[in-house]
>>> print(open('work01.cif').read())   # mmCIF, C-alpha atoms
data_input
#
loop_
_atom_site.group_PDB
_atom_site.id
_atom_site.type_symbol
_atom_site.label_atom_id
_atom_site.label_comp_id
_atom_site.auth_asym_id
_atom_site.auth_seq_id
_atom_site.Cartn_x
_atom_site.Cartn_y
_atom_site.Cartn_z
ATOM 1 C CA MET A 27 -83.461 -17.709 42.729
ATOM 2 C CA ILE A 28 -86.003 -16.549 40.181
ATOM 3 C CA GLU A 29 -87.062 -19.215 37.746
ATOM 4 C CA GLU A 30 -87.647 -17.820 34.274
ATOM 5 C CA ILE A 31 -90.313 -19.558 32.211
ATOM 6 C CA PRO A 32 -89.039 -20.244 28.698
ATOM 7 C CA TYR A 33 -90.938 -18.387 26.005
ATOM 8 C CA ASN A 34 -92.821 -20.737 23.722
ATOM 9 C CA PRO A 35 -93.833 -19.055 20.443
ATOM 10 C CA LEU A 36 -96.178 -21.957 19.728
ATOM 11 C CA ASP A 37 -98.093 -21.570 22.981
ATOM 12 C CA LYS A 38 -101.805 -21.099 22.293
ATOM 13 C CA ILE A 39 -101.929 -17.650 23.885
ATOM 14 C CA ASN A 40 -98.825 -16.458 22.029
ATOM 15 C CA LEU A 41 -100.223 -17.692 18.735
ATOM 16 C CA GLY A 42 -103.485 -15.887 19.423
ATOM 17 C CA GLU A 43 -101.654 -12.698 20.340
ATOM 18 C CA SER A 44 -99.763 -12.787 17.057
ATOM 19 C CA ILE A 45 -103.060 -12.933 15.160
ATOM 20 C CA SER A 46 -104.480 -10.115 17.270
ATOM 21 C CA ASP A 47 -101.394 -7.966 16.690
ATOM 22 C CA ALA A 48 -101.589 -8.582 12.948
ATOM 23 C CA LEU A 49 -105.224 -7.416 12.912
ATOM 24 C CA ILE A 50 -104.574 -4.321 15.030
ATOM 25 C CA SER A 51 -101.694 -3.297 12.774
ATOM 26 C CA ARG A 52 -103.992 -3.151 9.751
ATOM 27 C CA LYS A 53 -105.379 0.161 8.566
ATOM 28 C CA THR A 54 -109.074 0.862 8.957
ATOM 29 C CA PHE A 55 -111.610 0.795 6.132
ATOM 30 C CA PRO A 56 -115.179 2.021 5.660
ATOM 31 C CA LEU A 57 -117.818 -0.520 6.596
ATOM 32 C CA PRO A 58 -118.127 -2.466 4.387
ATOM 33 C CA PRO A 59 -114.881 -2.155 2.405
ATOM 34 C CA GLU A 60 -115.470 -0.747 -1.063
ATOM 35 C CA GLU A 61 -114.024 -3.730 -2.945
ATOM 36 C CA SER A 62 -114.951 -7.376 -2.481
ATOM 37 C CA PHE A 63 -112.225 -9.861 -1.542
ATOM 38 C CA ASN A 64 -111.960 -13.611 -0.996
ATOM 39 C CA GLY A 65 -111.142 -15.302 2.270
ATOM 40 C CA ALA A 66 -112.314 -16.002 5.795
ATOM 41 C CA GLY A 67 -110.964 -14.375 8.937
ATOM 42 C CA ILE A 68 -111.524 -11.970 11.809
ATOM 43 C CA TYR A 69 -112.449 -8.301 12.098
ATOM 44 C CA ALA A 70 -112.902 -5.430 14.539
ATOM 45 C CA ILE A 71 -115.577 -2.754 14.084
ATOM 46 C CA TYR A 72 -115.090 0.735 15.542
ATOM 47 C CA TYR A 73 -117.638 3.442 16.339
ATOM 48 C CA CYS A 74 -116.734 7.110 15.799
ATOM 49 C CA GLY A 75 -120.138 8.729 16.195
ATOM 50 C CA GLN A 76 -121.971 10.670 18.893
ATOM 51 C CA PHE A 77 -124.541 8.204 20.261
ATOM 52 C CA GLU A 78 -124.529 9.264 23.916
ATOM 53 C CA PRO A 79 -124.280 5.835 25.632
ATOM 54 C CA TYR A 80 -121.063 5.218 23.662
ATOM 55 C CA ARG A 81 -119.471 8.553 24.545
ATOM 56 C CA SER A 82 -116.488 6.915 26.290
ATOM 57 C CA ILE A 83 -115.769 4.377 23.551
ATOM 58 C CA ASN A 84 -116.417 6.454 20.440
ATOM 59 C CA ASN A 85 -112.729 6.740 19.494
ATOM 60 C CA HIS A 86 -112.881 10.517 20.007
ATOM 61 C CA GLY A 87 -115.011 10.937 16.902
ATOM 62 C CA HIS A 88 -112.016 10.392 14.643
ATOM 63 C CA SER A 89 -111.680 7.386 12.347
ATOM 64 C CA SER A 90 -107.894 7.790 12.501
ATOM 65 C CA GLN A 91 -107.909 7.037 16.242
ATOM 66 C CA CYS A 92 -109.618 3.660 16.238
ATOM 67 C CA ASN A 93 -108.352 2.006 19.392
ATOM 68 C CA THR A 94 -111.432 0.553 21.078
ATOM 69 C CA PRO A 95 -113.570 -1.804 18.978
ATOM 70 C CA ILE A 96 -117.276 -1.872 19.643
ATOM 71 C CA TYR A 97 -117.555 -5.360 18.130
ATOM 72 C CA VAL A 98 -115.196 -8.195 17.199
ATOM 73 C CA GLY A 99 -116.254 -11.113 15.042
ATOM 74 C CA LYS A 100 -115.249 -13.830 12.654
ATOM 75 C CA ALA A 101 -116.338 -15.259 9.337
ATOM 76 C CA VAL A 102 -115.618 -18.937 8.725
ATOM 77 C CA PRO A 103 -115.946 -21.046 5.564
ATOM 78 C CA ALA A 104 -119.143 -22.985 4.928
ATOM 79 C CA GLY A 105 -119.145 -26.262 6.836
ATOM 80 C CA THR A 106 -116.894 -25.087 9.657
ATOM 81 C CA ARG A 107 -119.746 -24.710 12.120
ATOM 82 C CA LYS A 108 -120.716 -28.349 11.497
ATOM 83 C CA GLY A 109 -117.338 -29.679 12.529
ATOM 84 C CA GLY A 110 -115.361 -29.390 9.320
ATOM 85 C CA LEU A 111 -112.226 -27.272 9.277
ATOM 86 C CA GLY A 112 -112.632 -26.170 5.709
ATOM 87 C CA LEU A 113 -108.957 -26.777 5.094
ATOM 88 C CA GLY A 114 -107.955 -26.808 1.471
ATOM 89 C CA THR A 115 -111.269 -25.371 0.332
ATOM 90 C CA THR A 116 -111.978 -22.082 -1.390
ATOM 91 C CA SER A 117 -113.938 -19.969 1.081
ATOM 92 C CA GLY A 118 -114.970 -17.274 -1.368
ATOM 93 C CA PRO A 119 -115.835 -13.783 -0.065
ATOM 94 C CA VAL A 120 -117.210 -14.994 3.287
ATOM 95 C CA LEU A 121 -115.464 -12.313 5.353
ATOM 96 C CA PHE A 122 -116.487 -9.529 2.987
ATOM 97 C CA ASN A 123 -120.071 -10.822 2.948
ATOM 98 C CA ARG A 124 -120.179 -10.851 6.747
ATOM 99 C CA LEU A 125 -119.029 -7.237 6.881
ATOM 100 C CA ARG A 126 -121.657 -6.324 4.317
ATOM 101 C CA GLU A 127 -124.349 -7.985 6.483
ATOM 102 C CA HIS A 128 -123.219 -5.900 9.443
ATOM 103 C CA ALA A 129 -123.370 -2.754 7.339
ATOM 104 C CA ASP A 130 -126.966 -3.597 6.412
ATOM 105 C CA SER A 131 -127.882 -3.991 10.100
ATOM 106 C CA ILE A 132 -126.415 -0.599 10.936
ATOM 107 C CA ARG A 133 -128.170 1.069 7.983
ATOM 108 C CA GLU A 134 -131.507 -0.223 9.259
ATOM 109 C CA ALA A 135 -130.941 1.024 12.819
ATOM 110 C CA GLU A 136 -132.862 4.225 13.499
ATOM 111 C CA ASN A 137 -130.197 5.846 15.695
ATOM 112 C CA LEU A 138 -126.929 4.821 14.012
ATOM 113 C CA ASP A 139 -125.213 6.152 10.896
ATOM 114 C CA LEU A 140 -123.016 3.884 8.817
ATOM 115 C CA VAL A 141 -120.525 6.678 8.096
ATOM 116 C CA ASP A 142 -119.610 6.628 11.806
ATOM 117 C CA PHE A 143 -118.162 3.123 11.570
ATOM 118 C CA ARG A 144 -114.768 1.790 10.514
ATOM 119 C CA VAL A 145 -113.423 -1.748 10.325
ATOM 120 C CA ARG A 146 -110.137 -3.602 10.456
ATOM 121 C CA TYR A 147 -110.138 -7.086 8.971
ATOM 122 C CA LEU A 148 -107.616 -9.867 8.505
ATOM 123 C CA VAL A 149 -107.851 -12.912 6.268
ATOM 124 C CA VAL A 150 -106.641 -15.838 8.394
ATOM 125 C CA ASP A 151 -105.981 -19.535 7.799
ATOM 126 C CA ASP A 152 -109.183 -21.286 8.835
ATOM 127 C CA ILE A 153 -107.848 -23.190 11.848
ATOM 128 C CA TRP A 154 -106.669 -20.011 13.613
ATOM 129 C CA ILE A 155 -109.827 -17.937 13.194
ATOM 130 C CA PRO A 156 -111.603 -18.886 16.481
ATOM 131 C CA LEU A 157 -108.401 -18.384 18.466
ATOM 132 C CA GLY A 158 -107.791 -14.934 17.014
ATOM 133 C CA GLU A 159 -111.375 -13.869 17.701
ATOM 134 C CA ALA A 160 -111.236 -15.133 21.302
ATOM 135 C CA ILE A 161 -108.010 -13.255 22.030
ATOM 136 C CA MET A 162 -109.395 -10.018 20.580
ATOM 137 C CA ILE A 163 -112.612 -10.244 22.607
ATOM 138 C CA GLY A 164 -110.669 -11.047 25.764
ATOM 139 C CA LYS A 165 -108.269 -8.153 25.208
ATOM 140 C CA PHE A 166 -110.779 -5.423 24.334
ATOM 141 C CA THR A 167 -114.102 -6.667 25.823
ATOM 142 C CA PRO A 168 -116.175 -4.954 23.074
ATOM 143 C CA VAL A 169 -119.569 -3.867 24.364
ATOM 144 C CA TRP A 170 -121.508 -5.395 21.461
ATOM 145 C CA ASN A 171 -119.913 -8.739 22.368
ATOM 146 C CA ARG A 172 -120.060 -8.518 26.156
ATOM 147 C CA VAL A 173 -123.076 -6.397 27.064
ATOM 148 C CA ILE A 174 -125.376 -5.572 24.161
ATOM 149 C CA ASP A 175 -125.948 -8.950 22.589
ATOM 150 C CA GLY A 176 -127.614 -9.468 19.219
ATOM 151 C CA PHE A 177 -125.764 -7.387 16.628
ATOM 152 C CA GLY A 178 -124.562 -10.485 14.770
ATOM 153 C CA ASN A 179 -127.952 -12.209 14.791
ATOM 154 C CA HIS A 180 -129.716 -13.255 11.602
ATOM 155 C CA ASP A 181 -133.397 -13.316 10.746
ATOM 156 C CA PRO A 182 -134.628 -16.465 12.569
ATOM 157 C CA GLY A 183 -137.169 -17.098 9.816
ATOM 158 C CA LYS A 184 -140.882 -17.669 9.646
ATOM 159 C CA GLY A 185 -142.311 -19.492 12.632
ATOM 160 C CA ARG A 186 -139.437 -18.532 14.950
ATOM 161 C CA TYR A 187 -140.397 -14.993 15.854
ATOM 162 C CA LEU A 188 -141.545 -16.023 19.325
ATOM 163 C CA GLN A 189 -137.968 -15.614 20.508
ATOM 164 C CA GLN A 190 -137.190 -12.376 22.319
ATOM 165 C CA ARG A 191 -135.869 -9.306 20.576
ATOM 166 C CA SER A 192 -132.180 -8.889 21.374
ATOM 167 C CA PRO A 193 -130.814 -6.087 23.598
ATOM 168 C CA TRP A 194 -129.049 -4.673 20.516
ATOM 169 C CA ASP A 195 -132.372 -4.394 18.687
ATOM 170 C CA VAL A 196 -133.958 -2.704 21.704
ATOM 171 C CA LEU A 197 -131.188 -0.104 21.881
ATOM 172 C CA HIS A 198 -130.952 0.243 18.084
ATOM 173 C CA PRO A 199 -134.411 -0.519 16.664
ATOM 174 C CA GLY A 200 -134.993 -0.748 12.952
ATOM 175 C CA ARG A 201 -134.222 -4.214 11.615
ATOM 176 C CA PRO A 202 -137.612 -5.313 10.209
ATOM 177 C CA TRP A 203 -137.249 -8.967 11.170
ATOM 178 C CA ALA A 204 -136.293 -8.074 14.749
ATOM 179 C CA MET A 205 -139.452 -6.018 15.145
ATOM 180 C CA ARG A 206 -141.424 -9.215 14.508
ATOM 181 C CA CYS A 207 -139.823 -10.919 17.514
ATOM 182 C CA SER A 208 -141.433 -10.854 20.942
ATOM 183 C CA THR A 209 -140.713 -8.076 23.422
ATOM 184 C CA CYS A 210 -137.360 -8.214 25.158
ATOM 185 C CA SER A 211 -137.407 -8.747 28.927
ATOM 186 C CA LYS A 212 -135.027 -5.792 29.329
ATOM 187 C CA SER A 213 -136.049 -2.194 28.691
ATOM 188 C CA LYS A 214 -133.890 0.340 26.871
ATOM 189 C CA SER A 215 -133.095 2.098 30.153
ATOM 190 C CA ASP A 216 -132.086 -1.215 31.745
ATOM 191 C CA ILE A 217 -129.711 -1.951 28.872
ATOM 192 C CA ILE A 218 -128.124 1.510 29.016
ATOM 193 C CA ALA A 219 -127.662 1.226 32.789
ATOM 194 C CA THR A 220 -125.950 -2.153 32.377
ATOM 195 C CA LEU A 221 -123.746 -0.715 29.635
ATOM 196 C CA GLU A 222 -122.696 2.293 31.702
ATOM 197 C CA ASN A 223 -121.907 0.091 34.701
ATOM 198 C CA PHE A 224 -119.818 -2.203 32.511
ATOM 199 C CA ILE A 225 -117.858 0.680 30.979
ATOM 200 C CA THR A 226 -117.239 2.216 34.411
ATOM 201 C CA LYS A 227 -115.814 -1.054 35.722
ATOM 202 C CA GLN A 228 -113.592 -1.426 32.663
ATOM 203 C CA HIS A 229 -112.157 2.054 33.137
ATOM 204 C CA THR A 230 -111.410 1.474 36.836
ATOM 205 C CA LYS A 231 -109.396 -1.704 36.283
#
>>> encode(input="work01.cif", output="structure tokens")
Amino acid sequence: MIEEIPYNPLDKINLGESISDALISRKTFPLPPEESFNGAGIYAIYYCGQFEPYRSINNHGHSSQCNTPIYVGKAVPAGTRKGGLGLGTTSGPVLFNRLREHADSIREAENLDLVDFRVRYLVVDDIWIPLGEAIMIGKFTPVWNRVIDGFGNHDPGKGRYLQQRSPWDVLHPGRPWAMRCSTCSKSKSDIIATLENFITKQHTK
């Protein structure tokens, strides 16, 4: 006899999937969206350009066919990272501001063009934001989350430039503050080789 496991809509995975599905169902926007908006939440960034190492994940060069995000992230209200949930507070345009920061990073990169990027975003109740982000990353394994680390980094500030330049800044040089950091232990060719190996394994699953 086969034992069926009862479906629990409040199971953590099912809740996360519902958030992920809600995000994926949203239309795409330019990065950043043209109009500011209030709220915190999650987002998925898509690449539609012709940078050769991304040839297999470039969404066929069409913004209308955004299926494979290159990066997934979240924007949480102030205080959340210090242990507060931020419940009942007004978060302001934290998600919009985060997308605008990402747009600035891409503008500064020497080998990327902002017009080649699209974004889906979803304003989410604060407590569900980390869960939604985790499910999205687990489902799509975006390369800027899994392989090419550093896209979401901020300027570490004066006196902290001894830290290594991130792999993202090696592959996409141009952010002025990143150029002040010490040399990365990985070369550009090493990073591209790791990326290609990762993509090959993903496609053979």
>>> residues_around(input="work01.cif", residues="Ala135 of chain A", least_positions_apart="3", cutoff="12 Å", atoms="all atoms listed in the file", output="compact mmCIF listing (two decimals) with C-alpha atoms, in the frame of the given file")
# COMPACT_ATOMS: atom_id res chain seq x y z
CA HIS A 128 -123.22 -5.90 9.44
CA ALA A 129 -123.37 -2.75 7.34
CA ASP A 130 -126.97 -3.60 6.41
CA SER A 131 -127.88 -3.99 10.10
CA ILE A 132 -126.42 -0.60 10.94
CA LEU A 138 -126.93 4.82 14.01
CA ASP A 139 -125.21 6.15 10.90
CA LEU A 140 -123.02 3.88 8.82
CA PHE A 177 -125.76 -7.39 16.63
CA TRP A 194 -129.05 -4.67 20.52
CA ASP A 195 -132.37 -4.39 18.69
CA VAL A 196 -133.96 -2.70 21.70
CA LEU A 197 -131.19 -0.10 21.88
CA HIS A 198 -130.95 0.24 18.08
CA PRO A 199 -134.41 -0.52 16.66
CA GLY A 200 -134.99 -0.75 12.95
CA ARG A 201 -134.22 -4.21 11.62
CA PRO A 202 -137.61 -5.31 10.21
CA TRP A 203 -137.25 -8.97 11.17
CA ALA A 204 -136.29 -8.07 14.75
CA MET A 205 -139.45 -6.02 15.14
>>> closest_atom_pairs(input="work01.cif", of="segment 159-182 of chain A", to="segment 209-221 of chain A", cutoff="12 Å", atoms="only C-alpha atoms", output="CSV")
residue,atom,partner,partner_atom,distance
A:Thr167,CA,A:Leu221,CA,12.0
A:Pro168,CA,A:Leu221,CA,10.9
A:Val169,CA,A:Leu221,CA,7.4
A:Trp170,CA,A:Leu221,CA,9.7
A:Asn171,CA,A:Leu221,CA,11.5
A:Arg172,CA,A:Leu221,CA,9.3
A:Val173,CA,A:Leu221,CA,6.3
A:Ile174,CA,A:Ile217,CA,7.4
A:Asp175,CA,A:Ile217,CA,10.1
A:Gly176,CA,A:Cys210,CA,11.5
>>> resolve_selection(input="work01.cif", expression="the PyMOL selection byres ((chain A and resi 119) around 10)", output="list in words")
Ser62, Phe63, Asn64, Gly65, Ala66, Ala101, Pro103, Thr116, Ser117, Gly118, Val120, Leu121, Phe122, Asn123 and Arg124 of chain A
>>> closest_residue(input="work01.cif", among="A:Ile155, A:Ile163, A:Val141, A:Leu125", to="Gly178 of chain A", atoms="only C-alpha atoms")
A:Leu125
>>> resolve_selection(input="work01.cif", expression="the PyMOL selection byres ((chain A and resi 49) around 12)", output="VMD selection string")
chain A and resid 42 to 48 50 to 54 67 to 71 93 95 98 to 100 145 to 150 155 158 to 159 161 to 162
>>> closest_residue(input="work01.cif", among="A:Phe166, A:Glu127, A:Asp151, A:Thr94", to="Asp181 of chain A", atoms="all atoms listed in the file")
A:Glu127
>>> atom_distance(input="work01.cif", atom1="atom CA of Pro56 of chain A", atom2="atom CA of Gln76 of chain A")
17.2 Å
>>> build_atoms(input="work01.cif", residues="segment 62-76 of chain A", atoms="N, CA, C and O atoms", output="PDB file, keeping the file's coordinate frame")
ATOM      1  N   SER A  62    -114.802  -6.014  -2.980  1.00  0.00           N
ATOM      2  CA  SER A  62    -114.951  -7.376  -2.481  1.00  0.00           C
ATOM      3  C   SER A  62    -113.593  -8.083  -2.481  1.00  0.00           C
ATOM      4  O   SER A  62    -112.690  -7.731  -3.240  1.00  0.00           O
ATOM      5  N   PHE A  63    -113.452  -9.072  -1.604  1.00  0.00           N
ATOM      6  CA  PHE A  63    -112.225  -9.861  -1.542  1.00  0.00           C
ATOM      7  C   PHE A  63    -112.580 -11.275  -1.070  1.00  0.00           C
ATOM      8  O   PHE A  63    -113.605 -11.490  -0.405  1.00  0.00           O
ATOM      9  N   ASN A  64    -111.752 -12.232  -1.408  1.00  0.00           N
ATOM     10  CA  ASN A  64    -111.960 -13.611  -0.996  1.00  0.00           C
ATOM     11  C   ASN A  64    -111.257 -13.895   0.329  1.00  0.00           C
ATOM     12  O   ASN A  64    -110.252 -13.264   0.656  1.00  0.00           O
ATOM     13  N   GLY A  65    -111.794 -14.859   1.053  1.00  0.00           N
ATOM     14  CA  GLY A  65    -111.142 -15.302   2.270  1.00  0.00           C
ATOM     15  C   GLY A  65    -112.040 -15.230   3.487  1.00  0.00           C
ATOM     16  O   GLY A  65    -113.031 -14.507   3.523  1.00  0.00           O
ATOM     17  N   ALA A  66    -111.666 -16.020   4.495  1.00  0.00           N
ATOM     18  CA  ALA A  66    -112.314 -16.002   5.795  1.00  0.00           C
ATOM     19  C   ALA A  66    -111.370 -15.341   6.787  1.00  0.00           C
ATOM     20  O   ALA A  66    -110.193 -15.138   6.499  1.00  0.00           O
ATOM     21  N   GLY A  67    -111.862 -14.997   7.972  1.00  0.00           N
ATOM     22  CA  GLY A  67    -110.964 -14.375   8.937  1.00  0.00           C
ATOM     23  C   GLY A  67    -111.679 -13.682  10.071  1.00  0.00           C
ATOM     24  O   GLY A  67    -112.819 -14.014  10.408  1.00  0.00           O
ATOM     25  N   ILE A  68    -110.996 -12.698  10.658  1.00  0.00           N
ATOM     26  CA  ILE A  68    -111.524 -11.970  11.809  1.00  0.00           C
ATOM     27  C   ILE A  68    -111.563 -10.478  11.500  1.00  0.00           C
ATOM     28  O   ILE A  68    -110.935 -10.002  10.560  1.00  0.00           O
ATOM     29  N   TYR A  69    -112.306  -9.733  12.335  1.00  0.00           N
ATOM     30  CA  TYR A  69    -112.449  -8.301  12.098  1.00  0.00           C
ATOM     31  C   TYR A  69    -112.799  -7.582  13.402  1.00  0.00           C
ATOM     32  O   TYR A  69    -113.272  -8.195  14.373  1.00  0.00           O
ATOM     33  N   ALA A  70    -112.538  -6.287  13.414  1.00  0.00           N
ATOM     34  CA  ALA A  70    -112.902  -5.430  14.539  1.00  0.00           C
ATOM     35  C   ALA A  70    -113.606  -4.195  13.983  1.00  0.00           C
ATOM     36  O   ALA A  70    -113.087  -3.544  13.078  1.00  0.00           O
ATOM     37  N   ILE A  71    -114.787  -3.898  14.520  1.00  0.00           N
ATOM     38  CA  ILE A  71    -115.577  -2.754  14.084  1.00  0.00           C
ATOM     39  C   ILE A  71    -115.463  -1.647  15.132  1.00  0.00           C
ATOM     40  O   ILE A  71    -115.528  -1.909  16.344  1.00  0.00           O
ATOM     41  N   TYR A  72    -115.293  -0.413  14.662  1.00  0.00           N
ATOM     42  CA  TYR A  72    -115.090   0.735  15.542  1.00  0.00           C
ATOM     43  C   TYR A  72    -116.183   1.771  15.312  1.00  0.00           C
ATOM     44  O   TYR A  72    -116.609   2.008  14.182  1.00  0.00           O
ATOM     45  N   TYR A  73    -116.612   2.408  16.418  1.00  0.00           N
ATOM     46  CA  TYR A  73    -117.638   3.442  16.339  1.00  0.00           C
ATOM     47  C   TYR A  73    -117.012   4.808  16.576  1.00  0.00           C
ATOM     48  O   TYR A  73    -116.260   4.998  17.545  1.00  0.00           O
ATOM     49  N   CYS A  74    -117.306   5.760  15.710  1.00  0.00           N
ATOM     50  CA  CYS A  74    -116.734   7.110  15.799  1.00  0.00           C
ATOM     51  C   CYS A  74    -117.815   8.184  15.847  1.00  0.00           C
ATOM     52  O   CYS A  74    -117.549   9.356  15.557  1.00  0.00           O
ATOM     53  N   GLY A  75    -119.030   7.782  16.191  1.00  0.00           N
ATOM     54  CA  GLY A  75    -120.138   8.729  16.195  1.00  0.00           C
ATOM     55  C   GLY A  75    -120.427   9.331  17.556  1.00  0.00           C
ATOM     56  O   GLY A  75    -119.607   9.268  18.474  1.00  0.00           O
ATOM     57  N   GLN A  76    -121.621   9.895  17.703  1.00  0.00           N
ATOM     58  CA  GLN A  76    -121.971  10.670  18.893  1.00  0.00           C
ATOM     59  C   GLN A  76    -123.167  10.091  19.663  1.00  0.00           C
ATOM     60  O   GLN A  76    -123.818  10.818  20.414  1.00  0.00           O
TER      61      GLN A  76
END
